[in-house]
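Worksheet for the structure shown next.
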Amino acid sequence: MTYTLQFRDVFASWEYLLQGVVTTLYLSSIVIIFGFLIGVICAAGRIYANRVLRMVIGGYVEAIRNTPLLVQLFIVFFGLPGFGLRFDATTAAVITFTVNLGAYSTEIVRAGLQSIPRAQIEAGFALGLSGPQVFRYVILSPALKMMFPALASQFILLMLATSIASQISVNDLFHAASIIQSRTFRDFEVYLVVGVLYLALALIFRVAFALIYKLAFGRR
Amino acid sequence: MSLLEIENVTKTYDALTVLTDVSLLVETGEIIAIIGRSGSGKSTLLRCINGLESIQAGRIVIDGVEVNDPGTDLRKLRQQVGIVFQGFNLFPHLSVCRNITLAPTVTKGIAEADARELAREALVSVGLEDKIDAYPDQLSGGQQQRVAIARSLAMQPKLMLFDEITSALDPELTGEVLRVLEEMSRTGMTMVLVTHEMGFARRFGSRVVFMHEGRVWEQGPAADTLGKPKTKELETFLNAVLH
């Protein structure tokens with residue numbers, strides 16, 4: 001028996017796919033921006049803050065990095081309502097993914113911050129810069145430049161992982177795939193098309209990150 | 001009042017005493033060469049002068065401002081005291097121009113356009129105006145060190161400190177850095193150098209300070225002190241470094 005690929009029915013539902021792509025793009029962008037900010041703040045805190053705060057941040061990072069993302073998502077969406085914290089599906093997804101990405105970004109940014117040689121920090125102080133100025137110009141900026149590829153990888157991993165948001169009925173790209181699959185039973189075609197769309201999204205993000213890198217750190 | 005007054009300074013790291021009762025007066029326009037074995041406290045003394053290291057006793061006063069007074073704004077003070085390190089310590093992610101203009105723009109609020117002119121002038125004084133848009137990793141060690149000097153000069157300091165700035169360079173590159181110092185000595189800049197370049201100390205130093213075991217062991221006019229050492233320790237040291 002030979003299998004004939006049939007994409008017509010899949011593409012007939014292009015509106016679902018488009019809606020899915022838009023949701024995934026939008027969800028990922030918000031999460032990346034806020035997850036990154038959490039990463040920078042917590043990384044700085046994990047190095048420079050007092051002992052209690054350092055331990056709190058350490059606990060957050062380890063708790064998140066050593067539990068499944070799906071469990072975290074279910075805790076926020078199904079668990080927190082028990083404490084009166086009720087979010088709609090998309091908000092729950094944004095919160096979970098942001099907190100998750102923040103923990104991973106914290107570790108990456110921290111490694112970058114700690115890789116700046118003491119001598120350069122000292123040179124900054126010797127030129128009369130204040131502590132915050134040294135942090136911004138002498139430590140953070142080269143650290144982010146150095147860690148940018150690792151951060152970009154993490155961001156794209158996160159974008160791909162947002163597909164599990166479909167489990168709590170967020171109408172993202174993977175959710176669109178499930179709907180089309182249940183209507184057409186063209187499993188192979190549906191998931192092939194969706195896979196290609198995720199690939200395209202990943203490439204779009206890579207190009208965007210390359211541009212941001214050039215703008216922020218490129219040599220002029 | 002001297003530009004730099006170091007009075008009875010003692011510096012300890014826990015149980016280890018690095019500087020013992022060090023006193024030194026430096027007048028405007030003087031060029032002081034601090035010499036001595038590694039571990040004799042020369043670099044530590046230099047680092048105490050701009051507050052990179054704290055002291056446990058004594059006073060360091062620069063142009064009337066006490067470095068170790070808790071009320072002193074160290075940032076203001078450091079803007080007037082340049083220091084150049086053995087390892088250059090340029091900011092690798094910034095262009096030569098930005099390395100030089102970072103502190104003036106951030107601490108003094110000088111506009112970017114004026115700052116570039118400032119960087120150009122500073123680079124002219126070290127003979128590197130054509131490297132204004134280069135990055136540190138595109139420069140030789142000697143060029144990087146000259147940029148580091150220009151970076152300090154752009155803050156228009158009253159006093160320049162040099163911490164073994166040629167120790168990481170080969171003889172040819174050492175020569176090009178020393179020529180910059182020579183040039184600077186003609187402008188009347190007050191300089192305190194920790195150095196192993198005895199030739200330079202003899203020709204341009206107004207005074208030589210020999211440190212030994214954390215103390216100022218012997219000091220005097222450069223030629224006399226290096227030519228006719230009074231203490232056995234200096235004599236031994238000079239014999240060791242000159243041969």
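Identifiers for the structure tokens are assigned positionally: chains receive A, B, ... in sequence, residues are indexed from 1 per chain, and ligands are indexed from 1 in the order shown.
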Counting only C-alpha atoms, chain A residues within 12 Å of chain B, as a ChimeraX atom specification
/A:116-134,136-146,216-220
Where in region 32-104 of chain B does DSSP assign alpha helix (DSSP H), given as a PyMOL selection string?
chain B and resi 42-49+74-78+96-104
From the list A:Val193, A:Leu158, A:Ile168, A:Ala150, which residue is nearest Phe74 (chain A) when using only C-alpha atoms?
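Ranking A:Val193, A:Leu158, A:Ile168, A:Ala150 by distance to Phe74 (chain A), first place goes to A:Ile168.
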Would you list the contacts of Arg116 (chain B) as a VMD selection string, taking every protein, DNA or RNA residue within 9 Å and counting only C-alpha atoms, but skipping same-chain residues closer than 5 positions in sequence?
chain B and resid 97 to 98 100 to 101 111 121 132
Residue neighbourhood Ile31 (chain B), 6 Å, only C-alpha atoms, exclusion window fewer than 2 positions, as a ChimeraX atom specification:
/B:190-192,205-206
All strand (DSSP E) residues (DSSP, backbone) inside region 103-187 of chain B, as a PyMOL selection string:
chain B and resi 159-163
Distance CA of Arg65 (chain A)-CA of Ala111 (chain A), one decimal place?
15.6 Å
Using only C-alpha atoms, which residues sit within 12 Å of Thr174 (chain B) once same-chain residues fewer than 3 positions away are excluded, as number ranges by chain?
B: 86, 140-146, 164-171, 177-181, 195-197, 199-200
Give me, as a Markdown table, each residue of region 62-96 of chain A that comes within 12 Å of region 26-49 of chain A, together with its shortest interatomic pair and the distance in Å at one decimal, counting only C-alpha atoms, with rows ordered by chain and rising residue number.
| residue | atom | partner | partner_atom | distance |
| --- | --- | --- | --- | --- |
| A:Ala89 | CA | A:Leu27 | CA | 11.5 |
| A:Thr90 | CA | A:Leu27 | CA | 8.0 |
| A:Thr91 | CA | A:Leu27 | CA | 9.3 |
| A:Ala92 | CA | A:Leu27 | CA | 11.0 |
| A:Ala93 | CA | A:Leu27 | CA | 8.2 |
| A:Val94 | CA | A:Val31 | CA | 6.1 |
| A:Ile95 | CA | A:Val31 | CA | 7.9 |
| A:Thr96 | CA | A:Val31 | CA | 9.0 |
Applying 8 Å and only C-alpha atoms, which residues near Asn8 (chain B) remain after dropping the ones on its own chain fewer than 4 positions away? List them as a PDB file with C-alpha atoms, in the first residue's frame.
ATOM      1  CA  THR B  20      55.042  49.860  57.187  1.00  0.00           C
ATOM      2  CA  ASP B  21      55.144  53.547  58.095  1.00  0.00           C
ATOM      3  CA  VAL B  22      55.613  54.754  54.516  1.00  0.00           C
ATOM      4  CA  SER B  23      56.007  58.502  54.025  1.00  0.00           C
ATOM      5  CA  ALA B  57      47.051  53.753  59.468  1.00  0.00           C
ATOM      6  CA  GLY B  58      48.450  57.066  58.259  1.00  0.00           C
ATOM      7  CA  ARG B  59      47.175  59.576  55.703  1.00  0.00           C
TER       8      ARG B  59
END
Using CA of Arg54 (chain A) and CA of Met159 (chain A) as the two end points, give the distance in Å to one decimal.
28.4 Å
Please provide the set of residues having any atom within 9 Å of region 224-231 of chain B, restricted to only C-alpha atoms, with same-chain residues fewer than 4 positions apart removed, written as a PDB file with C-alpha atoms, in the first residue's frame.
ATOM      1  CA  MET B 198      66.436  51.834  35.556  1.00  0.00           C
ATOM      2  CA  ALA B 201      64.426  56.262  36.035  1.00  0.00           C
ATOM      3  CA  ARG B 202      67.968  57.658  35.805  1.00  0.00           C
ATOM      4  CA  ARG B 207      63.734  61.230  42.406  1.00  0.00           C
ATOM      5  CA  VAL B 208      64.158  57.509  42.968  1.00  0.00           C
ATOM      6  CA  VAL B 209      62.441  55.754  45.877  1.00  0.00           C
ATOM      7  CA  PHE B 210      63.746  52.307  46.774  1.00  0.00           C
ATOM      8  CA  TRP B 217      64.394  52.080  52.417  1.00  0.00           C
ATOM      9  CA  GLU B 218      66.272  54.771  50.595  1.00  0.00           C
ATOM     10  CA  GLN B 219      65.414  57.734  48.411  1.00  0.00           C
ATOM     11  CA  GLY B 220      67.102  60.659  46.714  1.00  0.00           C
ATOM     12  CA  GLU B 235      73.263  47.952  46.190  1.00  0.00           C
ATOM     13  CA  THR B 236      72.310  44.258  46.075  1.00  0.00           C
ATOM     14  CA  LEU B 238      70.864  47.252  41.654  1.00  0.00           C
TER      15      LEU B 238
END
Using only C-alpha atoms, the residue out of B:Lys158, B:Gly109, B:Glu213, B:Phe204 with shortest distance to Arg186 (chain B) is B:Phe204
Rounded to one decimal, what separation in Å do you get between CA of Val10 (chain A) and CA of Thr23 (chain A)?
18.7 Å
